[in-house]
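What follows is a single structure, written as structure tokens, with notes after it.
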Amino acid sequence: MWLFLVALVGLWTLLCFFRERQVVSHLQDKYVFITGCDSGFGNLLARQLDRRGMRVLAACLTEKGAEELRNKTSDRLETVILDVTKTESIVAATQWVKERVGNRGLWGLVNNAGISVPSGPSQWMNKQNFASVLDVNLLGLIEVTLSMLPLVRKARGRVVNVSSILGRVSLGDSGGYCISKYGIEAFSDSLRRELRYFGVKVAIIEPGFFLTGMVSSARLCSNIQMLWDQTSSEIREIYGEKYLASCLKNLNELDQKCNKDLSVVTDCMEHALTACHPRTRYSAGWDAKLFFIPLSYLPTFLVDALLYWTSPKSDKAM
């Protein structure tokens, strides 16, 4: 009996191994549009796919970012300026893409653009702090997707949405960031089930903590200090200076804790775009696989207790 089960598991593993390594044909003729290519995952993915011979359409927020990317890639790669919070910018970028892909359609849409600040304890923030993150990470992603979808549908292609492991486990001082990532998870699940009828596949990338500009200690510390300074004296008294100091200490140590190998994430993105049988979700990084994913399946009271024990405490906490 045990031998039969071992053989069955081994056969299933071999089947999965074989399926995951089947690659889509004629990749050199396929167009991929990537947002957030100024730096980080988007920049590396654009260079990675360009080296593979794919036709990369890279969207950058700044002309400087676009120029630097063009200098590192072949003439196949083209860039466009895109602000995902502005409808007119999205419409213009969609028309630009349409002119290039023609009747072939768009094989891949990678929604990678995102921001992490302002984020902090909810009582330090206002509605606009939440909205500014949601506008980029969630609403911008949705509008770009809806605008590009006819082109993706024509190619029976792929949509790859970059979420986060914090779209599985929400931290207590994340502001709009975790909210936006939970939203991406839900939108992607709905979209995948809807577009299956049209031959379009939707994949979600859930990175752990990686060292990009978005999670740099300097940026996050500056953000926390800014939120602290703008909040009321009552809130500052409730939380206390020790809470602020503890937050800053944790953030200053973040650079050393983050994975510096961004290719772990971009390899997942590339597989989602080029494999015949892409996964639904890609959890990138050992912290995602061994800590956050298991944590997400634990009873809520255990997760709450663990996060409470490891989080900074306010002076007036019970």
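A note on labels: chains of the structure tokens are A, B, ... as shown, every chain counts residues from 1, and ligands are counted from 1 in their shown order.
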
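Excluding A:Gly199 itself and same-chain residues fewer than 2 positions from it, the residues having an atom within 6 Å of it are Arg156, Arg196 and Tyr197 of chain A, counting only C-alpha atoms.
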
Using only C-alpha atoms, find each residue in stretch 122-198 of chain A having at least one atom no more than 8 Å away from stretch 96-117 of chain A; report its shortest atom-to-atom pair and that distance in Å (one decimal), rows by chain then rising number, as a tab-separated table.
residue	atom	partner	partner_atom	distance
A:Val133	CA	A:Ile115	CA	6.4
A:Val136	CA	A:Gly114	CA	5.9
A:Asn137	CA	A:Gly114	CA	4.9
A:Leu141	CA	A:Asn111	CA	6.1
A:Val144	CA	A:Asn111	CA	7.9
A:Thr145	CA	A:Leu109	CA	7.7
A:Met148	CA	A:Leu109	CA	7.7
A:Leu151	CA	A:Gly105	CA	4.7
A:Val152	CA	A:Leu106	CA	4.7
A:Arg153	CA	A:Gly105	CA	7.5
A:Lys154	CA	A:Gly105	CA	5.1
A:Ala155	CA	A:Gly105	CA	4.6
A:Arg156	CA	A:Trp107	CA	7.0
A:Gly157	CA	A:Trp107	CA	4.3
A:Arg158	CA	A:Gly108	CA	4.8
A:Val159	CA	A:Leu109	CA	4.8
A:Val160	CA	A:Val110	CA	4.7
A:Asn161	CA	A:Asn111	CA	4.9
A:Val162	CA	A:Asn112	CA	5.3
A:Tyr177	CA	A:Ser116	CA	6.0

Point to revise | Test item: residues at most 12 Å from A:Met226, only C-alpha atoms, excluding those fewer than 6 positions along its chain, as a PyMOL selection string | key: chain A and resi 117-120+124-125+129+219-220+244+248

Hey, could you make a per-residue contact list for stretch 209-249 of chain A against stretch 261-267 of chain A with 9 Å as the cut-off, showing the nearest pair of atoms and its distance in Å to one decimal, counting only C-alpha atoms, sorted by chain and number, as a Markdown table?
| residue | atom | partner | partner_atom | distance |
| --- | --- | --- | --- | --- |
| A:Phe210 | CA | A:Leu262 | CA | 6.7 |
| A:Leu211 | CA | A:Leu262 | CA | 7.6 |
| A:Thr212 | CA | A:Leu262 | CA | 8.1 |

Could those selected residues go to a file with C-alpha atoms, as a PDB file, in the first residue's frame?
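Generated output (out23.pdb):
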ATOM      1  CA  PHE A 210      12.775  41.633  -1.600  1.00  0.00           C
ATOM      2  CA  LEU A 211      15.159  44.583  -1.618  1.00  0.00           C
ATOM      3  CA  THR A 212      13.674  47.051  -4.085  1.00  0.00           C
TER       4      THR A 212
END

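Residues within 12 Å of A:Gln256, counting only C-alpha atoms and excluding same-chain residues fewer than 6 positions away, are Phe209, Phe210, Leu211, Val215, Ser216, Ser217 and Asn250 of chain A.
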
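Considering the residues A:Lys242, A:His277, A:Arg168, A:Lys249 and counting only C-alpha atoms, A:Leu298 has its shortest atom-to-atom contact with A:Arg168.
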
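Take atom CA of A:Glu237 and atom CA of A:Pro121: the distance between them is 14.2 Å.
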
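The strand (DSSP E or B) portion of stretch 132-260 of chain A consists of Arg158, Val159, Val160, Asn161, Val162, Lys201, Val202, Ala203, Ile204, Ile205, Glu206, Pro207, Phe210 and Asn259 of chain A, with states taken from DSSP on the backbone.
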
Go ahead and save the residues from that selection, with N, CA and C atoms, as an mmCIF file, in the first residue's frame.
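Saved file selection25.cif follows:
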data_model
loop_
_atom_site.group_PDB
_atom_site.id
_atom_site.type_symbol
_atom_site.label_atom_id
_atom_site.label_comp_id
_atom_site.auth_asym_id
_atom_site.auth_seq_id
_atom_site.Cartn_x
_atom_site.Cartn_y
_atom_site.Cartn_z
ATOM 1 N N ARG A 158 -1.975 36.356 -21.730
ATOM 2 C CA ARG A 158 -1.799 36.220 -20.283
ATOM 3 C C ARG A 158 -1.908 37.583 -19.587
ATOM 4 N N VAL A 159 -2.482 37.567 -18.399
ATOM 5 C CA VAL A 159 -2.444 38.716 -17.493
ATOM 6 C C VAL A 159 -1.695 38.256 -16.244
ATOM 7 N N VAL A 160 -0.659 38.993 -15.887
ATOM 8 C CA VAL A 160 0.149 38.667 -14.706
ATOM 9 C C VAL A 160 0.071 39.850 -13.751
ATOM 10 N N ASN A 161 -0.546 39.637 -12.608
ATOM 11 C CA ASN A 161 -0.720 40.703 -11.623
ATOM 12 C C ASN A 161 0.213 40.496 -10.438
ATOM 13 N N VAL A 162 0.968 41.532 -10.109
ATOM 14 C CA VAL A 162 1.904 41.445 -8.990
ATOM 15 C C VAL A 162 1.192 41.861 -7.710
ATOM 16 N N LYS A 201 -5.321 33.456 -19.662
ATOM 17 C CA LYS A 201 -4.909 32.935 -18.360
ATOM 18 C C LYS A 201 -4.407 34.076 -17.478
ATOM 19 N N VAL A 202 -4.771 34.017 -16.208
ATOM 20 C CA VAL A 202 -4.414 35.060 -15.245
ATOM 21 C C VAL A 202 -3.589 34.435 -14.126
ATOM 22 N N ALA A 203 -2.432 35.019 -13.862
ATOM 23 C CA ALA A 203 -1.552 34.522 -12.806
ATOM 24 C C ALA A 203 -1.285 35.629 -11.794
ATOM 25 N N ILE A 204 -1.084 35.223 -10.547
ATOM 26 C CA ILE A 204 -0.801 36.158 -9.464
ATOM 27 C C ILE A 204 0.604 35.882 -8.934
ATOM 28 N N ILE A 205 1.404 36.929 -8.819
ATOM 29 C CA ILE A 205 2.747 36.826 -8.243
ATOM 30 C C ILE A 205 2.691 37.348 -6.815
ATOM 31 N N GLU A 206 3.154 36.538 -5.845
ATOM 32 C CA GLU A 206 3.097 36.911 -4.433
ATOM 33 C C GLU A 206 4.509 36.901 -3.836
ATOM 34 N N PRO A 207 5.282 37.970 -4.079
ATOM 35 C CA PRO A 207 6.645 37.996 -3.539
ATOM 36 C C PRO A 207 6.655 38.160 -2.017
ATOM 37 N N PHE A 210 11.629 41.498 -0.708
ATOM 38 C CA PHE A 210 12.775 41.633 -1.600
ATOM 39 C C PHE A 210 13.257 43.079 -1.567
ATOM 40 N N ASN A 259 15.509 39.771 0.674
ATOM 41 C CA ASN A 259 16.214 39.015 -0.354
ATOM 42 C C ASN A 259 16.688 39.983 -1.439
#

Practice item. Write out as a PyMOL selection string the residues lying within 12 Å of A:Cys37, counting only C-alpha atoms and excluding same-chain residues fewer than 6 positions away. Key: chain A and resi 43-48+56-70+77-83+110-114

Check your understanding: If you run DSSP on this backbone, which residues of stretch 13-150 of chain A come out as helix (DSSP H, G or I), and could you give them as a PyMOL selection string?
Key -> chain A and resi 13-20+27-29+40-51+63-71+87-104+122-124+127-150
